[in-house]
Each structure stands twice: as C-alpha cells, then as structure tokens.
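Shown below: entry_5.txt, with compact mmCIF, C-alpha atoms.
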```txt
# COMPACT_ATOMS: atom_id res chain seq x y z
CA MET A 180 -356.58 41.58 23.46
CA ALA A 181 -353.79 44.04 23.29
CA LEU A 182 -352.66 46.60 25.77
CA HIS A 183 -352.10 50.09 24.47
CA PHE A 184 -348.76 51.29 25.78
CA GLU A 185 -347.46 54.84 25.65
CA LEU A 186 -344.10 56.08 26.82
CA VAL A 187 -343.87 59.86 26.99
CA THR A 188 -340.93 62.12 27.87
CA PRO A 189 -341.02 65.90 28.07
CA ALA A 190 -339.24 66.10 24.74
CA LYS A 191 -341.42 63.71 22.77
CA LEU A 192 -343.72 60.73 22.54
CA VAL A 193 -341.26 57.83 22.55
CA ARG A 194 -343.62 54.90 22.10
CA SER A 195 -347.23 54.45 21.23
CA GLU A 196 -348.06 50.88 20.35
CA ASP A 197 -350.18 47.86 21.18
CA VAL A 198 -348.34 45.22 23.17
CA HIS A 199 -349.15 42.11 25.17
CA MET A 200 -347.81 43.06 28.58
CA VAL A 201 -345.57 45.61 30.23
CA VAL A 202 -343.71 45.00 33.49
CA VAL A 203 -343.05 48.23 35.36
CA PRO A 204 -340.72 48.59 38.35
CA GLY A 205 -342.99 50.50 40.71
CA THR A 206 -341.52 52.11 43.81
CA GLU A 207 -343.38 49.59 45.94
CA GLY A 208 -342.63 46.58 43.79
CA GLN A 209 -342.77 45.45 40.21
CA PHE A 210 -346.12 45.07 38.55
CA GLY A 211 -347.18 43.73 35.22
CA VAL A 212 -349.93 45.37 33.24
CA LEU A 213 -352.09 43.36 30.88
CA ALA A 214 -355.02 44.58 28.86
CA GLY A 215 -358.05 45.36 31.00
CA HIS A 216 -356.09 46.27 34.10
CA ALA A 217 -357.98 48.23 36.72
CA PRO A 218 -357.30 51.99 36.91
CA PHE A 219 -354.07 52.45 38.78
CA MET A 220 -351.41 55.06 39.41
CA SER A 221 -347.92 54.56 40.72
CA THR A 222 -344.57 56.22 40.83
CA VAL A 223 -341.86 54.26 39.06
CA ALA A 224 -338.39 53.52 40.38
CA ASP A 225 -335.45 54.22 38.09
CA GLY A 226 -334.80 51.08 36.11
CA ALA A 227 -335.88 49.06 33.13
CA ILE A 228 -339.45 48.57 32.06
CA LYS A 229 -340.00 45.34 30.15
CA VAL A 230 -342.22 45.37 27.13
CA TYR A 231 -343.59 42.00 26.00
CA LYS A 232 -344.77 42.37 22.43
CA THR A 233 -346.17 38.82 22.39
CA GLU A 234 -347.05 36.38 25.11
CA ASN A 235 -343.91 34.25 24.91
CA GLY A 236 -341.60 36.71 23.23
CA ILE A 237 -338.38 38.10 24.58
CA PRO A 238 -339.06 41.34 26.44
CA GLU A 239 -337.64 44.58 25.22
CA GLU A 240 -336.09 46.63 28.01
CA ILE A 241 -336.28 50.38 28.18
CA VAL A 242 -334.35 52.11 30.94
CA ILE A 243 -336.12 55.13 32.34
CA SER A 244 -335.68 57.47 35.26
CA GLY A 245 -338.04 59.85 36.98
CA GLY A 246 -341.05 57.86 35.96
CA PHE A 247 -344.73 57.75 36.70
CA ALA A 248 -347.19 55.14 35.48
CA GLU A 249 -350.88 55.54 34.91
CA VAL A 250 -353.29 52.81 33.91
CA GLY A 251 -356.64 53.94 32.62
CA ASP A 252 -359.20 52.66 30.16
CA LYS A 253 -356.97 53.98 27.37
CA GLY A 254 -354.17 51.67 28.44
CA LEU A 255 -350.86 52.20 30.16
CA THR A 256 -349.09 55.53 30.03
CA VAL A 257 -345.61 55.88 31.42
CA LEU A 258 -344.36 59.42 31.93
CA ALA A 259 -340.59 59.49 32.25
CA GLU A 260 -338.19 62.37 32.58
CA HIS A 261 -335.34 60.53 30.92
CA VAL A 262 -335.25 57.55 28.62
CA GLU A 263 -332.03 55.79 27.71
CA ASN A 264 -331.75 54.19 24.36
CA MET B 251 -324.38 117.88 0.26
CA ALA B 252 -322.42 114.65 0.45
CA SER B 253 -320.00 113.92 -2.35
CA LEU B 254 -320.68 111.23 -4.92
CA LYS B 255 -318.10 108.92 -3.44
CA GLU B 256 -319.54 109.26 0.06
CA LEU B 257 -323.02 108.47 -1.22
CA LYS B 258 -321.77 105.41 -3.04
CA GLY B 259 -320.11 104.19 0.13
CA ARG B 260 -323.28 104.66 2.10
CA ILE B 261 -325.40 102.81 -0.43
CA ASN B 262 -322.99 99.89 -0.31
CA SER B 263 -322.97 99.74 3.46
CA VAL B 264 -326.76 99.76 3.63
CA LYS B 265 -326.83 97.02 1.01
CA SER B 266 -324.58 94.77 3.05
CA THR B 267 -326.65 95.43 6.17
CA GLN B 268 -329.73 94.42 4.23
CA LYS B 269 -328.04 91.18 3.25
CA ILE B 270 -327.40 90.38 6.90
CA THR B 271 -330.93 91.16 8.03
CA LYS B 272 -332.37 89.14 5.17
CA ALA B 273 -330.24 86.14 6.08
CA LYS B 274 -331.16 86.44 9.76
CA GLN B 275 -334.82 86.61 8.81
CA MET B 276 -334.62 83.38 6.87
CA VAL B 277 -332.67 81.67 9.63
CA ALA B 278 -335.29 82.78 12.14
CA ALA B 279 -338.08 81.42 9.95
CA ALA B 280 -336.41 78.02 9.80
CA LYS B 281 -335.68 77.99 13.52
CA LEU B 282 -339.22 79.08 14.31
CA ARG B 283 -340.56 76.01 12.60
CA LYS B 284 -338.23 73.80 14.60
CA ALA B 285 -339.12 75.53 17.85
CA GLN B 286 -342.81 75.10 17.14
CA GLU B 287 -342.28 71.42 16.46
CA ALA B 288 -340.44 71.03 19.76
CA ALA B 289 -343.28 72.77 21.57
CA GLU B 290 -345.75 70.47 19.82
CA GLN B 291 -343.84 67.37 20.95
CA ALA B 292 -343.70 68.51 24.54
CA ARG B 293 -347.44 68.88 24.74
CA PRO B 294 -348.55 65.26 25.42
CA TYR B 295 -346.32 64.97 28.49
CA ALA B 296 -347.39 68.31 29.91
CA ALA B 297 -351.06 67.58 29.27
CA ARG B 298 -350.89 64.16 30.89
CA LEU B 299 -349.03 65.41 33.90
CA ALA B 300 -351.43 68.31 34.37
CA GLU B 301 -354.33 65.88 34.18
CA VAL B 302 -352.83 63.60 36.80
CA MET B 303 -351.91 66.53 39.03
CA GLY B 304 -355.41 67.89 38.74
CA SER B 305 -357.09 64.67 39.76
CA LEU B 306 -354.62 64.13 42.60
CA ALA B 307 -354.83 67.65 43.92
CA SER B 308 -358.61 67.52 43.99
CA LYS B 309 -358.43 64.51 46.31
CA VAL B 310 -355.84 65.78 48.72
CA THR B 311 -356.93 68.43 51.14
CA ILE B 312 -354.31 71.03 51.89
CA SER B 313 -353.23 70.71 55.49
CA GLU B 314 -350.11 71.43 57.46
CA ASN B 315 -348.57 68.18 56.38
CA SER B 316 -349.05 68.81 52.69
CA PRO B 317 -345.94 69.33 50.65
CA LYS B 318 -344.68 72.87 50.95
CA LEU B 319 -344.53 73.24 47.20
CA LEU B 320 -348.29 73.00 47.12
CA ALA B 321 -349.33 74.59 50.39
CA GLY B 322 -346.83 77.44 50.49
CA THR B 323 -344.68 78.60 53.37
CA GLY B 324 -347.49 80.39 55.11
CA SER B 325 -346.24 83.85 54.29
CA ASP B 326 -345.84 85.84 51.12
CA GLN B 327 -343.20 88.31 52.13
CA VAL B 328 -340.39 87.44 49.74
CA HIS B 329 -341.18 87.13 46.05
CA LEU B 330 -338.80 85.63 43.53
CA LEU B 331 -339.22 86.70 39.93
CA VAL B 332 -337.85 84.20 37.44
CA VAL B 333 -337.25 86.08 34.21
CA ALA B 334 -336.58 84.03 31.09
CA ASN B 335 -334.85 85.93 28.31
CA SER B 336 -332.97 84.94 25.19
CA ASP B 337 -329.21 84.90 24.79
CA LYS B 338 -329.13 86.66 21.46
CA GLY B 339 -330.40 89.98 20.30
CA LEU B 340 -331.71 91.00 16.88
CA CYS B 341 -335.23 90.14 17.89
CA GLY B 342 -336.85 93.53 18.29
CA ALA B 343 -338.53 94.38 21.55
CA PHE B 344 -338.82 90.72 22.60
CA ASN B 345 -336.49 90.86 25.59
CA SER B 346 -337.37 94.35 26.70
CA ASN B 347 -341.06 93.44 26.74
CA ILE B 348 -340.45 90.54 29.11
CA VAL B 349 -338.19 92.65 31.30
CA LYS B 350 -340.74 95.43 31.32
CA ALA B 351 -343.46 93.07 32.53
CA ALA B 352 -341.18 91.74 35.26
CA VAL B 353 -340.08 95.19 36.40
CA GLN B 354 -343.68 96.35 36.53
CA LYS B 355 -344.58 93.41 38.75
CA ALA B 356 -341.54 94.06 40.93
CA ARG B 357 -342.52 97.70 41.42
CA LYS B 358 -346.04 96.69 42.29
CA LEU B 359 -344.86 94.16 44.85
CA GLU B 360 -342.43 96.65 46.33
CA ALA B 361 -345.18 99.20 46.65
CA GLU B 362 -347.05 96.60 48.72
CA GLY B 363 -344.05 96.35 50.98
CA LYS B 364 -342.80 92.96 49.80
CA THR B 365 -339.22 91.97 49.17
CA VAL B 366 -338.41 91.18 45.56
CA LEU B 367 -335.60 88.95 44.31
CA PHE B 368 -334.67 88.07 40.76
CA TYR B 369 -333.58 84.84 39.13
CA LEU B 370 -332.48 85.50 35.58
CA VAL B 371 -332.38 82.99 32.78
CA GLY B 372 -330.63 84.00 29.58
CA ARG B 373 -328.10 86.70 28.89
CA LYS B 374 -330.25 89.54 27.61
CA GLY B 375 -332.15 91.52 30.17
CA ARG B 376 -329.43 91.13 32.78
CA ALA B 377 -328.15 94.65 32.22
CA VAL B 378 -331.49 96.36 32.66
CA ILE B 379 -332.49 94.49 35.78
CA LYS B 380 -329.03 94.91 37.24
CA ARG B 381 -329.33 98.64 36.76
CA GLU B 382 -332.81 98.88 38.24
CA PHE B 383 -332.40 96.43 41.11
CA PRO B 384 -328.66 96.12 41.65
CA LYS B 385 -328.77 94.21 44.93
CA GLN B 386 -331.73 91.94 44.35
CA ILE B 387 -330.41 89.45 41.84
CA GLU B 388 -330.40 86.05 43.48
CA HIS B 389 -328.86 84.14 40.63
CA MET B 390 -328.19 84.33 36.93
CA PHE B 391 -328.67 81.08 35.10
CA ASP B 392 -326.43 80.82 32.10
CA THR B 393 -327.78 79.26 28.94
CA THR B 394 -325.15 80.60 26.55
CA ASP B 395 -323.31 77.31 26.24
CA VAL B 396 -326.29 75.34 24.95
CA ARG B 397 -327.81 75.83 21.55
CA ASN B 398 -331.43 75.43 22.55
CA PRO B 399 -332.52 75.44 26.17
CA GLY B 400 -334.07 72.01 26.67
CA PHE B 401 -335.36 69.81 29.41
CA ASN B 402 -331.96 69.49 31.06
CA GLU B 403 -331.85 73.22 31.62
CA ALA B 404 -335.43 73.27 32.89
CA GLU B 405 -334.49 70.50 35.28
CA LYS B 406 -331.48 72.38 36.60
CA ILE B 407 -333.46 75.57 37.06
CA ALA B 408 -336.25 73.73 38.85
CA ASP B 409 -333.80 71.96 41.14
CA GLU B 410 -332.14 75.23 42.05
CA LEU B 411 -335.49 76.87 42.65
CA VAL B 412 -336.67 74.06 44.88
CA ALA B 413 -333.39 74.15 46.81
CA LEU B 414 -333.72 77.89 47.34
CA TYR B 415 -337.33 77.44 48.33
CA GLU B 416 -336.51 74.79 50.87
CA LYS B 417 -333.82 76.99 52.35
CA GLY B 418 -336.53 79.56 52.87
CA LYS B 419 -335.00 82.13 50.55
CA PHE B 420 -338.38 83.08 49.12
CA ASP B 421 -342.09 82.40 49.64
CA VAL B 422 -343.62 82.90 46.22
CA ALA B 423 -342.10 82.55 42.76
CA HIS B 424 -343.37 84.04 39.54
CA LEU B 425 -342.18 83.11 36.09
CA PHE B 426 -341.92 85.66 33.29
CA PHE B 427 -341.65 84.59 29.69
CA ALA B 428 -343.18 85.40 26.31
CA LYS B 429 -346.14 83.27 25.30
CA PHE B 430 -346.13 82.42 21.65
CA ARG B 431 -349.33 83.54 19.96
CA SER B 432 -348.13 83.80 16.38
CA ALA B 433 -345.03 84.90 14.51
CA LEU B 434 -346.29 88.45 14.87
CA VAL B 435 -347.62 88.41 18.40
CA GLN B 436 -345.71 87.34 21.49
CA GLU B 437 -347.30 88.02 24.78
CA PRO B 438 -345.13 88.69 27.82
CA THR B 439 -346.71 86.61 30.56
CA GLY B 440 -346.21 86.34 34.28
CA GLN B 441 -347.48 83.34 36.18
CA GLN B 442 -347.06 81.96 39.63
CA ILE B 443 -345.07 78.73 39.77
CA ILE B 444 -344.35 78.29 43.49
CA PRO B 445 -346.44 77.41 45.44
CA VAL B 446 -347.73 75.30 42.59
CA PRO B 447 -351.16 76.51 41.55
CA THR B 448 -353.42 73.48 41.51
CA PRO B 449 -354.32 72.55 37.98
CA THR B 450 -358.03 72.18 37.53
CA ALA B 451 -359.04 68.58 37.14
CA ALA B 452 -360.35 67.75 33.72
CA ALA B 453 -364.01 66.88 33.97
CA ALA B 454 -363.60 63.86 31.74
CA THR B 455 -361.31 62.04 34.15
CA ALA B 456 -363.40 62.72 37.21
CA GLY B 457 -365.72 59.77 36.67
CA GLN B 458 -363.16 57.05 36.14
CA ASP B 459 -360.89 58.31 38.89
CA ALA B 460 -363.34 57.22 41.52
CA VAL B 461 -361.97 53.69 41.40
CA THR B 462 -358.34 54.42 40.68
CA GLU B 463 -355.89 52.77 43.02
CA TYR B 464 -352.80 54.60 44.12
CA GLU B 465 -349.42 53.21 45.00
CA PRO B 466 -347.97 54.71 47.18
CA GLU B 467 -350.62 56.92 48.78
CA GLU B 468 -352.05 59.94 46.98
CA GLU B 469 -350.09 62.36 49.12
CA GLU B 470 -346.78 60.67 48.47
CA ILE B 471 -347.39 60.56 44.75
CA LEU B 472 -348.32 64.20 44.84
CA ALA B 473 -345.14 65.07 46.70
CA ALA B 474 -343.12 63.16 44.12
CA LEU B 475 -344.89 64.74 41.21
CA LEU B 476 -344.79 68.37 42.32
CA PRO B 477 -341.13 68.99 41.42
CA ARG B 478 -341.70 67.22 38.12
CA TYR B 479 -344.68 69.37 37.40
CA LEU B 480 -342.56 72.43 38.11
CA LYS B 481 -339.90 71.17 35.69
CA THR B 482 -342.49 70.60 33.02
CA GLN B 483 -343.85 74.10 33.46
CA LEU B 484 -340.39 75.61 33.20
CA PHE B 485 -339.64 73.46 30.19
CA GLY B 486 -342.85 74.58 28.52
CA ALA B 487 -341.99 78.19 29.24
CA LEU B 488 -338.51 77.79 27.79
CA LEU B 489 -339.94 76.27 24.64
CA GLU B 490 -342.55 78.99 24.28
CA ASN B 491 -339.82 81.53 24.82
CA ALA B 492 -337.64 79.96 22.13
CA ALA B 493 -340.50 80.01 19.63
CA SER B 494 -341.39 83.59 20.58
CA GLU B 495 -337.80 84.71 20.20
CA GLN B 496 -337.60 83.35 16.67
CA GLY B 497 -340.98 84.82 15.81
CA ALA B 498 -339.97 88.23 17.12
CA SER B 499 -336.66 87.98 15.34
CA MET B 500 -338.36 87.15 12.08
CA THR B 501 -340.68 90.13 12.29
CA ALA B 502 -337.94 92.51 13.38
CA MET B 503 -335.63 91.40 10.59
CA ASP B 504 -338.40 91.66 8.04
CA ASN B 505 -338.92 95.25 9.08
CA ALA B 506 -335.20 95.95 9.02
CA THR B 507 -334.87 94.51 5.53
CA ARG B 508 -337.72 96.64 4.29
CA ASN B 509 -336.29 99.77 5.91
CA ALA B 510 -332.92 99.08 4.33
CA GLY B 511 -334.65 98.78 0.95
CA ASP B 512 -336.33 102.16 1.42
CA LEU B 513 -333.06 103.73 2.47
CA ILE B 514 -331.23 102.34 -0.55
CA GLN B 515 -333.89 103.74 -2.85
CA LYS B 516 -333.65 107.18 -1.28
CA LEU B 517 -329.88 107.20 -1.38
CA THR B 518 -329.83 106.05 -5.00
CA ILE B 519 -332.13 108.90 -6.03
CA GLN B 520 -329.91 111.34 -4.19
CA TYR B 521 -326.85 109.84 -5.84
CA ASN B 522 -328.31 110.12 -9.33
CA ARG B 523 -329.43 113.69 -8.71
CA SER B 524 -326.03 114.85 -7.58
CA ARG B 525 -324.37 113.02 -10.46
CA GLN B 526 -326.65 114.84 -12.88
CA ALA B 527 -326.00 118.14 -11.14
CA ALA B 528 -322.27 117.59 -11.45
CA ILE B 529 -322.57 116.85 -15.19
CA THR B 530 -324.74 119.93 -15.73
CA THR B 531 -322.26 122.15 -13.93
CA GLU B 532 -319.46 120.74 -16.00
CA LEU B 533 -321.36 121.37 -19.24
CA VAL B 534 -322.23 124.89 -18.22
CA GLU B 535 -318.59 125.53 -17.45
CA ILE B 536 -317.46 124.23 -20.86
CA ILE B 537 -320.08 126.24 -22.73
CA ALA B 538 -319.27 129.37 -20.77
CA GLY B 539 -315.61 128.80 -21.52
CA ALA B 540 -316.28 128.32 -25.25
CA GLU B 541 -318.38 131.48 -25.41
CA ALA B 542 -315.69 133.52 -23.74
CA LEU B 543 -313.23 132.76 -26.53
```
Just give me the structure of the file as structure tokens.
Amino acid sequence: MALHFELVTPAKLVRSEDVHMVVVPGTEGQFGVLAGHAPFMSTVADGAIKVYKTENGIPEEIVISGGFAEVGDKGLTVLAEHVEN
Amino acid sequence: MASLKELKGRINSVKSTQKITKAKQMVAAAKLRKAQEAAEQARPYAARLAEVMGSLASKVTISENSPKLLAGTGSDQVHLLVVANSDKGLCGAFNSNIVKAAVQKARKLEAEGKTVLFYLVGRKGRAVIKREFPKQIEHMFDTTDVRNPGFNEAEKIADELVALYEKGKFDVAHLFFAKFRSALVQEPTGQQIIPVPTPTAAAATAGQDAVTEYEPEEEEILAALLPRYLKTQLFGALLENAASEQGASMTAMDNATRNAGDLIQKLTIQYNRSRQAAITTELVEIIAGAEAL
C-alpha cells in the first residue's frame, strides 16, 4: 500500500508521487502519515517534512514554511507557501 | 503638397515604427504563453486552499470572536480600493479600463457617503488616480524592480493590507484587476477581498468532511489560513493581470502594425503620384522650350 503524497506551492506542484510514509511537523507535534490514514487537517510548523520512499529507506527532507497539511481519501496534500530546495 | 524628400522620410519613419510594433507583438505573444502557464501552475494550490477554506468556513459560525478578516470590523465606512495595473504601456486600453472600473466604484461609494482610499499596484494608472483623487492614495506598491510580479509580491501586498486593516485604516477592501478571458478579451473585474468572502464549500467534500479531525481547532486553523487565502487571491489576480496585459499588448500591437501597413501604402501611392507629376512637369517644360525655338 502506498500513500499518495502531494506538495503544492502557489507557484507550482512540487511533488506528486506515491511514497511509504511522510512525517510532518504539525504545530501541535509531529505526525506520520501512512496509507489509509483517517481524514485529518493540521497547520504545519516551519521545518522539514520527511518523506520515506520505502519502509526502511533514508528519508528525504524538504524544508517548507507556511504550511498546511490535509489528509483525505486521495492521500496527503501539503500546501506550503515556500519550499526550499 | 509635401515634397518628395519629405514623403520619403515619412515612409521610412512609419516603416521603423512598424518594425517596433511587430517585434513587441511577437514578444507579447511569447510572454502571454508563459503567463498562461504560470497561471495554470498556480491553480492546484488555489483550488485546494479554496476547498479547505470552504469546508472550514461552513463549520465555523461567525461570532464576535471570529477572526476579523472573516467577520469584518462591524462597519463599512472606509473602503480601500486595491488597483492592480501593469508597469509598462503599449498594451492598448488595458490599464485605463482597470482604472475606469475602479474610479467608477469609487464615485459610487462616495455618492453613498463612504470614504474611499486607494492602494495602487504597478506604475501605470498612478497618474490618473492621483489627478482624480489626489489626497486619497494610501500607498503605491512598486513592482518596477521585478520582472514578473510573483508570489513574493503578493505576499508583501497581503501583509501590508492586513497590517493596515488591523490598524483600522479601512473596513472593506476591493481588488481591481483584469480577468483574462482570451487574448482578445480582458475583463476589468472588481471583487471584495477583505473581509474575506467565504468560499462556497464544494459539495463533493461535504460528505467526507464529517469525520475529519482538526489540529488545532477549526477556528485556529481558519485564523491561520485566512491571510494565506488572501495572499493566494492576490497572487491569482497578479497572474491574471500579467496574462491580460500581454494579451492586450498583443492585440494592440497587431492593430498598430496593421495601421502602419495601411499608412505606408497610402504614403507610397502619394509618393509615386508626386514623382510622376514632377516628371510630367519637367517633360512639358522641355517640350515647351523646344517648341519655342
């Protein structure tokens, strides 16, 4: 089972891929999203989100600011104002 | 009648003008495509955010504790008109159409006894509004030093607007820009941006939202998202404006090129006629001279 992960900024769609898990630094604590997560919305603190492509792989870090995360049946969507590469 | 030399000079000057307008037309066509692409890429973010805002706003009842950006200040005495123009000319009536729409709205509000302030984005249009409402310009936002107004500019504008709003400088803000319909049609549009009009919740999300968990509470999320929503709206407007400007420029330059062509044709005919007339006179003079001998 793969989680569909999208990272969107106002300028463009940065990521749209299937991954294993994403760890998001929510304003009230970090949370990890796996496939089949219950519907959930949270604001995201400025920091790095960790994208695990595979279960035991090394996470890829993407630093974002001004973020907002939404988990629905389509997967995880992170809206961020700025993304650092 | 103008002399041959004068005519020649005029034909040449019109020709070089035509070259410029033709070049500008092609540049505008290329830039239009780019602007449209940028607008296309901004759409997913805006759509998502609007969706989220819609579902949040439908859950939160507006009370005294609601964020001011949503609920308003409780009065509508002072109106701020945000007018987005371009920095460059050569785009036909593009800027004057936007300004006209804004001025019309301002007159209407003034007739109702409201106070009107202006916040100008872009260089064009400043002169007209300054002349019509010399004391009512709150701020002029300068975009001349960036090539294409992007999200950073939208962010700055939104921050300034929110700061002004929180200081109580105005109660309602309207945004004026040109909506891009096609390369031929740009529609000057005015819309209210503060207090934020609640986006209508998409029907599709209504069902699943029933079980959505929120962290922090709905109201807090809403308060955090409102300024972002404002930024997105401004950003969208700037992008639409950029595309509209290039579209208007393309059409205007196309017309100019065609007019220059017509003018060249007319001038060339005139030139040939007077050249012929000069030759005929010369011949007549020679013949008359020969006969006199």
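Among the candidate residues A:Thr206, A:Asp197, A:Val187, A:Gly245, the one lying nearest to A:Lys232 is A:Asp197, with distances computed using all atoms listed in the file.
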### Message
Near chain B, meaning an atom within 9 Å, which residues of chain A appear when counting all atoms listed in the file? Write them as a ChimeraX atom specification.
### Response
/A:187-192,205-207,217-222,245,247,249-252,256,258-260
### Minimum-distance residue to A:Lys229, chosen among A:Val262, A:Val193, A:Ile243, A:Val201 (using all atoms listed in the file)
A:Val201
### Task
Grab the atom CA of B:Leu370 to atom CA of B:Ala492 distance for me, in Å with one decimal place.
15.4 Å
Between stretch 320-380 of chain B and stretch 504-515 of chain B, at 12 Å or less, what are the per-residue closest atom pairs and their distances in Å? Count all atoms listed in the file, order by chain and rising residue number, and return it as CSV.
```
residue,atom,partner,partner_atom,distance
B:Leu340,CA,B:Ala506,CA,9.9
B:Cys341,CA,B:Asp504,CA,10.5
B:Gly342,CA,B:Asn505,CA,9.6
```
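Across B:Glu532, B:Lys429, B:Ala527, B:Met503, the tightest approach to B:Ala279 is made by B:Met503 when counting all atoms listed in the file.
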Find the smallest box with edges along x, y and z containing every listed atom of stretch 415-420 of chain B, then add 8 Å on each side and report centre and edge lengths in Å to one decimal, as lines of an AutoDock Vina configuration file.
```
center_x = -336.1
center_y = 78.9
center_z = 50.6
size_x = 20.6
size_y = 24.3
size_z = 20.5
```
